[in-house]
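I have placed the structure first, in the form of structure tokens, so that the comments after it can refer back to it.
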Number of protein chains: 2
Amino acid sequence: MSNAGPQRKSDLLRRFASTGGLDAQTAIRRENLLRALALIAREPAPVTRAVIARRTGLTSATASSLVAELIEFGLVTETGPAESTGGKRATRLEIDTETHLIVVAVVRTRAIDVALVDLAGRTVASNRVELAGEVEVSAVVDAVRSLLRAEGAESRVLAACVQVPGVTADGVVVDSVQLGWFGVPLASLLEEAIGAPTSVVNDVDAEALTEAADAADGAIRLVVHLGEGVGAAVTNGGTLMAGATGRAGEIGHVRVVFEGARATCRCGLSGCLESAASMSAMLGDAYTDEFDEHDTSLLASTAESRERMAFGARALSRALRIMSALLDPQEVVIAGAAPALGPHFLGTVRDEFEMYPAKGTAPVPIRYGRLELGRYLGPARSALAPILGDALPLTERPAAGLAPVIGEVH
Amino acid sequence: MSNAGPQRKSDLLRRFASTGGLDAQTAIRRENLLRALALIAREPAPVTRAVIARRTGLTSATASSLVAELIEFGLVTETGPAESTGGKRATRLEIDTETHLIVVAVVRTRAIDVALVDLAGRTVASNRVELAGEVEVSAVVDAVRSLLRAEGAESRVLAACVQVPGVTADGVVVDSVQLGWFGVPLASLLEEAIGAPTSVVNDVDAEALTEAADAADGAIRLVVHLGEGVGAAVTNGGTLMAGATGRAGEIGHVRVVFEGARATCRCGLSGCLESAASMSAMLGDAYTDEFDEHDTSLLASTAESRERMAFGARALSRALRIMSALLDPQEVVIAGAAPALGPHFLGTVRDEFEMYPAKGTAPVPIRYGRLELGRYLGPARSALAPILGDALPLTERPAAGLAPVIGEVH
DNA sequence: CAACTTAGTTTACTAAGTCAACAAAGTGGG
DNA sequence: CCCACTTTGTTGACTTAGTAAACTAAGTTG
């Protein structure tokens with residue numbers, strides 16, 4: 001780290017931040033830099049300058065020049081020589097995890113989690129601030145500032161993202177009933193406080209992006225979130241399909257049960273997917289906002305709860321059949337708190353799904369969301385998206401034995 | 001037309017045909033050429049070099065150079081001066097309809113339609129060849145050759161597309177039960193015969209592309225095709241979403257009717273969407289392969305047929321509710337032979353759709369496919385896609401009073 | 001150890017942008 | 001009516017970032 005952080009960072013932002021007014025020449029250079037970066041980040045085998053040249057079709061001279069710039073920016077480092085393949089040994093390239101950090105803040109109704117994530121996706125520091133009453137916007141800024149100061153990382157922040165429950169658009173929390181926030185320009189507030197570009201993301205979208213982390217270009221993935229309600233998201237490559245009015249995925253109140261609908265849904269109608277397949281519908285009072293996804297003790301304890309889950313699985317698979325026939329996705333992910341329902345529920349959904357195999361459709365793997373990926377990857381990816389697109393998958397597992405520091409920070 | 005066709009054409013193909021081995025510099029030039037071309041084709045107001053410079057953010061020097069090249073290629077022409085806006089009068093630019101032509105062949109079970117379409121989307125010549133027995137591959141080549149000779153247009157063909165019923169992939173008719181063709185490399189056969197790049201497209205996909213003709217970037221459209229079966233397609237901007245295994249849109253045999261399913265579907269199961277909402281299911285024997293979409297005489301004549309249509313509308317709207325909640329599309333298009341079902345059917349679908357408005361979703365316009373756009377636009381767009389992307393919308397209406405020449409050509 | 005391979009850099013060249021000056025052809029006020 | 005001002009489009013000098021090919025560096029293998 002010969003070159004100081006802030007210097008390097010502003011160069012980087014100038015090169016990558018798509019402020020619209022990019023001229024054509026720098027745009028293509030940006031494209032090539034990102035292609036090289038994506039290769040280094042995603043390829044399982046060691047990547048060298050020669051590999052970049054071969055895989056991108058660029059000349060080795062260009063590959064060298066791209067790598068030089070990526071190293072200059074603190075995005076990539078050389079990590080010793082690779083084995084020879086019959087000639088001079090190549091120099092391994094890896095993502096630089098020492099220079100830049102991503103700030104992630106997850107705002108919940110009773111707590112704020114703040115984390116620092118490196119460019120490989122490892123959580124290098126985290127902290128939870130418990131909250132007494134309502135969530136104030138300033139509490140988010142304070143929580144972030146505290147952790148940065150504690151880690152001495154103020155100058156290493158490349159980008160930040162705040163995850164909130166509710167409707168978000170363009171850095172603004174448009175409508176969050178859970179937090180009581182309406183029209184809060186959260187991104188610009190935090191941006192001013194920490195001096196790094198900040199994005200704001202919805203919790204369901206963040207989760208879908210986490211699941212789509214290693215997506216190849218053009219891969220379609222259908223993510224269904226089960227929580228208090230039911231939502232869905234479609235990811236195309238590494239990006240979300242937002243829909244014409246930004247309301248794609250609102251499948252919770254679509255009617256799927258036409259006979260034997262249990263009760264009226266909170267929306268006023270009956271037979272909604274949500275009233276059958278949400279966590280609340282299946283677990284009743286056992287499911288709360290602070291539900292622990294790893295606790296499976298409450299499940300399937302009574303005949304009634306088993307029956308509820310079977311009913312929910314049936315309703316869910318109905319919706320899944322249509323959606324997956326339409327999109328022919330790579331896979332279907334059932335995320336949110338659903339993994340806590342255990343293998344039996346997933347099995348039931350699969351069985352129901354395959355009970356009516358639609359002619360002409362391909363079999364689709366259905367799996368649970370990967371809780372072990374950690375909750376910070378989706379927002380971290382969102383933070384980087386405006387700068388580096390989805391070049392960095394951030395799929396590295398969290399470092400073993402790193403327990404989050406729980407407690408107040410002032 | 002000072003510069004002869006073939007010369008110009010090969011230059012054009014060299015510049016645009018994405019043979020993969022494009023180097024980075026020519027790639028960006030290609031991009032800019034297409035941006036300029038798309039502006040000229042799509043903008044309602046007259047486009048000039050100055051407009052291109054302003055809208056693309058490129059300098060006026062670059063805009064001039066781009067336009068010069070487009071004119072050289074026979075894609076654009078100057079059409080007189082525009083009004084002054086306080087200074088020198090600009091030169092209007094329009095798509096050149098005199099130089100290049102697109103060949104479209106539509107293969108049906110008993111006839112082949114061939115058409116020549118100009119770059120504005122106008123059908124400038126067409127012919128139908130009625131067939132006695134089975135459709136031979138050579139008949140397609142002959143039909144195209146005949147029309148080209150009759151019009152003296154052999155050297156003006158920029159690209160071609162053949163539309164066939166059945167499964168197609170990469171220029172090959174993989175499986176067409178209707179034609180009895182399996183693994184026919186149709187594209188390369190015709191390409192050799194006429195010396196222009198040729199693509200092969202499925203009829204449902206072609207239709208969806210026609211409907212998405214004027215799509216803005218990133219616009220999501222859901223097109224449902226009603227014919228002998230039921231299929232769907234999702235278009236994102238001007239391109240089709242194919243799915244992980246190329247089987248997106250196969251919603252015909254998804255179960256949507258759970259109570260009171262009429263009969264077993266031809267797939268062996270019951271309650272399929274197709275068994276309720278296909279044209280065959282709703283019209284019975286009145287619907288055949290050679291159904292005339294403009295003939296509405298058979299419809300709703302009996303109480304039973306009215307009831308069948310209502311049942312079909314209900315089943316269809318169930319599927320539509322989920323799909324549109326998931327994708328939040330700009331609009332839903334009911335295409336295929338459906339427009340022949342008249343306004344009453346569409347009204348029923350809309351009513352059923354809106355009967356259970358899912359909370360959180362946006363209202364979606366549902367409309368019939370636009371038969372008046374003509375059947376050649378989708379394939380024509382597919383023909384150009386490998387060369388010009390979707391720069392040219394081809395949305396011009398067919399020239400009034402141009403009746404297709406019906407009869408044998410030898 | 002010589003011959004071959006592979007990695008990566010250096011140098012000359014090229015494509016295609018930007019910038020700024022300028023010519024061409026209009027409009028409009030005194 | 002003429003001169004100042006606008007707008008369009010072109011021309012030429014300069015810049016960015018690519019390619020191609022020669023070259024250096026550092027290995028492996030017969």
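Residue numbering restarts at 1 in every chain; chains get A, B, ... in the order shown in the structure tokens, and ligands count up from 1 in that same order.
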
Specify as a ChimeraX atom specification all residues of chain A found within 6 Å of chain C, counting only C-alpha atoms (C1' of nucleotides). /A:86-88,90

Run DSSP on the backbone and tell me which residues of stretch 241-373 of chain B come out as helix (DSSP H, G or I); list them as JSON, numbers by chain. {"B": [273, 274, 275, 276, 277, 279, 280, 281, 282, 283, 284, 285, 286, 303, 304, 305, 306, 307, 308, 309, 310, 311, 312, 313, 314, 315, 316, 317, 318, 319, 320, 321, 322, 323, 324, 325, 326, 327, 338, 339, 340, 341, 342, 343, 344, 345, 346, 347, 348, 349, 350, 351, 352, 353, 354, 355, 371, 372, 373]}

Which residue of D:DG30, D:DC3, D:DT16, D:DA22 approaches chain A most closely, using only C-alpha atoms (C1' of nucleotides): D:DT16

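Put simply, atom CA of A:Leu101 is 26.4 Å away from atom CA of A:Gly336.
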
According to DSSP computed on the backbone, where in stretch 36-278 of chain B is there strand (DSSP E or B)? Give the residues as a PyMOL selection string. chain B and resi 47+76-81+91-95+101-107+111-118+123-130+157-164+167-169+172-176+181-184+198-202+220-226+230-236+239-240+255+264+270+272

Kindly provide the residues of chain B that approach chain D to within 12 Å, each paired with its closest atom pair and their distance in Å to one decimal, based on only C-alpha atoms (C1' of nucleotides), listed by chain and increasing number, as JSON lines.
```
{"residue": "B:Asp23", "atom": "CA", "partner": "D:DG18", "partner_atom": "C1'", "distance": 8.4}
{"residue": "B:Ala24", "atom": "CA", "partner": "D:DG18", "partner_atom": "C1'", "distance": 6.9}
{"residue": "B:Gln25", "atom": "CA", "partner": "D:DG18", "partner_atom": "C1'", "distance": 6.3}
{"residue": "B:Thr26", "atom": "CA", "partner": "D:DG18", "partner_atom": "C1'", "distance": 9.7}
{"residue": "B:Ala27", "atom": "CA", "partner": "D:DG18", "partner_atom": "C1'", "distance": 11.1}
{"residue": "B:Ile28", "atom": "CA", "partner": "D:DG18", "partner_atom": "C1'", "distance": 11.2}
{"residue": "B:Thr48", "atom": "CA", "partner": "D:DT8", "partner_atom": "C1'", "distance": 9.1}
{"residue": "B:Arg49", "atom": "CA", "partner": "D:DG9", "partner_atom": "C1'", "distance": 7.8}
{"residue": "B:Ala50", "atom": "CA", "partner": "D:DT8", "partner_atom": "C1'", "distance": 6.8}
{"residue": "B:Val51", "atom": "CA", "partner": "D:DT8", "partner_atom": "C1'", "distance": 10.2}
{"residue": "B:Ala53", "atom": "CA", "partner": "D:DG9", "partner_atom": "C1'", "distance": 11.0}
{"residue": "B:Thr59", "atom": "CA", "partner": "D:DG9", "partner_atom": "C1'", "distance": 11.3}
{"residue": "B:Ser60", "atom": "CA", "partner": "D:DG9", "partner_atom": "C1'", "distance": 7.6}
{"residue": "B:Ala61", "atom": "CA", "partner": "D:DT10", "partner_atom": "C1'", "distance": 7.4}
{"residue": "B:Thr62", "atom": "CA", "partner": "D:DT10", "partner_atom": "C1'", "distance": 10.7}
{"residue": "B:Ala63", "atom": "CA", "partner": "D:DG9", "partner_atom": "C1'", "distance": 9.6}
{"residue": "B:Ser64", "atom": "CA", "partner": "D:DG9", "partner_atom": "C1'", "distance": 7.3}
{"residue": "B:Ser65", "atom": "CA", "partner": "D:DT10", "partner_atom": "C1'", "distance": 9.8}
{"residue": "B:Val67", "atom": "CA", "partner": "D:DG9", "partner_atom": "C1'", "distance": 11.4}
{"residue": "B:Ala68", "atom": "CA", "partner": "D:DT10", "partner_atom": "C1'", "distance": 11.7}
{"residue": "B:Pro81", "atom": "CA", "partner": "D:DT8", "partner_atom": "C1'", "distance": 10.9}
{"residue": "B:Ala82", "atom": "CA", "partner": "D:DT8", "partner_atom": "C1'", "distance": 10.9}
{"residue": "B:Glu83", "atom": "CA", "partner": "D:DT7", "partner_atom": "C1'", "distance": 11.4}
{"residue": "B:Ser84", "atom": "CA", "partner": "D:DT7", "partner_atom": "C1'", "distance": 8.2}
{"residue": "B:Thr85", "atom": "CA", "partner": "D:DT7", "partner_atom": "C1'", "distance": 7.2}
{"residue": "B:Gly86", "atom": "CA", "partner": "D:DT6", "partner_atom": "C1'", "distance": 5.6}
{"residue": "B:Gly87", "atom": "CA", "partner": "D:DT7", "partner_atom": "C1'", "distance": 4.1}
{"residue": "B:Lys88", "atom": "CA", "partner": "D:DT7", "partner_atom": "C1'", "distance": 5.3}
{"residue": "B:Arg89", "atom": "CA", "partner": "D:DT8", "partner_atom": "C1'", "distance": 6.7}
{"residue": "B:Ala90", "atom": "CA", "partner": "D:DT8", "partner_atom": "C1'", "distance": 5.8}
{"residue": "B:Thr91", "atom": "CA", "partner": "D:DT8", "partner_atom": "C1'", "distance": 8.5}
{"residue": "B:Arg92", "atom": "CA", "partner": "D:DT8", "partner_atom": "C1'", "distance": 11.4}
```

Excluding B:Val76 and any residue of its chain fewer than 2 positions from it, enumerate the residues within 12 Å of it, using only C-alpha atoms (C1' of nucleotides), and give them as number ranges by chain. B: 1, 33-34, 36-41, 47-49, 66-74, 78-79, 92-100, 119-120, 392

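Residue nearest chain B within the list A:Arg370, A:Arg308, A:His253, A:Arg318: A:His253 [criterion: smallest interatomic distance, only C-alpha atoms].
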
Given a cut-off of 9 Å, which residues of chain A touch chain B, counting only C-alpha atoms, written out as an MDAnalysis selection string? chainID A and resid 21:25 28 32 57:58 218:220 231:234 241:256 258:259 267 269 272 318:319 321:331 356:362

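Neighbours of A:Asp142 closer than or equal to 12 Å, with only C-alpha atoms (C1' of nucleotides) counted and sequence neighbours fewer than 5 positions away skipped, come out as Ala105, Ile112, Asp113, Val114, Val129, Val135, Glu136, Val137, Leu147, Leu148, Arg149, Leu189, Leu190, Ala193, Ile194, Glu408, Val409 and His410 of chain A.
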
Find the spatial neighbours of B:Val184, counting only C-alpha atoms (C1' of nucleotides), within a cut-off of 7 Å - ignore same-chain residues fewer than 3 positions away - and output them as a PyMOL selection string. chain B and resi 172-174+181

Suppose we keep N, CA, C and O atoms; can you now write the selection as a PDB file, in the first residue's frame?
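Everything below was put into selection.pdb:
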```
ATOM      1  N   VAL B 172     -31.633 -24.148 -37.292  1.00  0.00           N
ATOM      2  CA  VAL B 172     -32.043 -25.518 -37.602  1.00  0.00           C
ATOM      3  C   VAL B 172     -33.476 -25.759 -37.122  1.00  0.00           C
ATOM      4  O   VAL B 172     -33.838 -25.344 -36.029  1.00  0.00           O
ATOM      5  N   VAL B 173     -34.270 -26.399 -37.963  1.00  0.00           N
ATOM      6  CA  VAL B 173     -35.591 -26.827 -37.525  1.00  0.00           C
ATOM      7  C   VAL B 173     -35.400 -28.141 -36.780  1.00  0.00           C
ATOM      8  O   VAL B 173     -35.209 -29.196 -37.379  1.00  0.00           O
ATOM      9  N   VAL B 174     -35.408 -28.038 -35.471  1.00  0.00           N
ATOM     10  CA  VAL B 174     -35.087 -29.209 -34.651  1.00  0.00           C
ATOM     11  C   VAL B 174     -36.210 -30.237 -34.729  1.00  0.00           C
ATOM     12  O   VAL B 174     -35.991 -31.426 -34.922  1.00  0.00           O
ATOM     13  N   TRP B 181     -40.589 -32.185 -40.239  1.00  0.00           N
ATOM     14  CA  TRP B 181     -39.156 -31.891 -40.393  1.00  0.00           C
ATOM     15  C   TRP B 181     -38.446 -32.115 -39.067  1.00  0.00           C
ATOM     16  O   TRP B 181     -38.880 -31.632 -38.023  1.00  0.00           O
TER      17      TRP B 181
END
```

Close residues, A:Gln163 itself excluded, 8 Å, only C-alpha atoms (C1' of nucleotides), min 6 positions apart in chain, as a short mmCIF file (atom, residue, chain, number, x, y, z; two decimals) with all heavy atoms, in the first residue's frame:
```
data_model
loop_
_atom_site.label_atom_id
_atom_site.label_comp_id
_atom_site.auth_asym_id
_atom_site.auth_seq_id
_atom_site.Cartn_x
_atom_site.Cartn_y
_atom_site.Cartn_z
N VAL A 104 -21.86 -1.98 5.05
CA VAL A 104 -23.24 -2.44 4.93
C VAL A 104 -23.98 -2.14 6.23
O VAL A 104 -23.46 -2.42 7.32
CB VAL A 104 -23.31 -3.95 4.66
CG1 VAL A 104 -24.74 -4.45 4.71
CG2 VAL A 104 -22.67 -4.27 3.32
N ALA A 105 -25.14 -1.55 6.13
CA ALA A 105 -25.97 -1.34 7.31
C ALA A 105 -27.32 -1.99 7.06
O ALA A 105 -27.93 -1.76 6.01
CB ALA A 105 -26.14 0.14 7.60
N VAL A 106 -27.74 -2.84 7.97
CA VAL A 106 -29.05 -3.49 7.85
C VAL A 106 -29.94 -2.93 8.95
O VAL A 106 -29.66 -3.12 10.13
CB VAL A 106 -28.91 -5.02 7.97
CG1 VAL A 106 -30.28 -5.67 7.89
CG2 VAL A 106 -27.99 -5.55 6.89
N VAL A 107 -30.96 -2.23 8.51
CA VAL A 107 -31.84 -1.58 9.48
C VAL A 107 -33.05 -2.49 9.75
O VAL A 107 -33.77 -2.86 8.82
CB VAL A 107 -32.33 -0.22 8.96
CG1 VAL A 107 -33.18 0.48 10.03
CG2 VAL A 107 -31.16 0.65 8.57
N VAL A 200 -29.40 2.36 -1.44
CA VAL A 200 -30.39 1.86 -0.49
C VAL A 200 -31.14 0.73 -1.16
O VAL A 200 -31.48 0.84 -2.35
CB VAL A 200 -31.37 2.98 -0.08
CG1 VAL A 200 -32.49 2.44 0.79
CG2 VAL A 200 -30.63 4.09 0.64
N VAL A 201 -31.34 -0.35 -0.43
CA VAL A 201 -31.95 -1.50 -1.07
C VAL A 201 -32.99 -2.14 -0.16
O VAL A 201 -32.89 -2.12 1.06
CB VAL A 201 -30.86 -2.51 -1.49
CG1 VAL A 201 -30.30 -3.23 -0.27
CG2 VAL A 201 -31.36 -3.50 -2.50
N ASN A 202 -33.98 -2.66 -0.80
CA ASN A 202 -35.05 -3.39 -0.15
C ASN A 202 -34.55 -4.75 0.32
O ASN A 202 -33.69 -5.35 -0.32
CB ASN A 202 -36.14 -3.54 -1.21
CG ASN A 202 -37.23 -4.45 -0.81
OD1 ASN A 202 -37.06 -5.67 -0.90
ND2 ASN A 202 -38.31 -3.89 -0.37
N ASP A 203 -35.07 -5.25 1.43
CA ASP A 203 -34.53 -6.50 1.98
C ASP A 203 -34.75 -7.71 1.07
O ASP A 203 -33.87 -8.56 0.94
CB ASP A 203 -35.07 -6.77 3.39
CG ASP A 203 -36.57 -6.56 3.49
OD1 ASP A 203 -37.17 -6.16 2.48
OD2 ASP A 203 -37.13 -6.82 4.56
N ALA A 206 -32.36 -7.49 -1.85
CA ALA A 206 -31.00 -7.78 -1.42
C ALA A 206 -30.78 -9.28 -1.31
O ALA A 206 -29.75 -9.82 -1.72
CB ALA A 206 -30.74 -7.12 -0.06
N PRO A 379 -26.56 -6.69 0.09
CA PRO A 379 -26.33 -5.24 0.16
C PRO A 379 -24.93 -4.85 -0.31
O PRO A 379 -24.77 -3.83 -0.97
CB PRO A 379 -26.49 -4.93 1.65
CG PRO A 379 -27.28 -6.06 2.20
CD PRO A 379 -27.06 -7.25 1.34
#
```
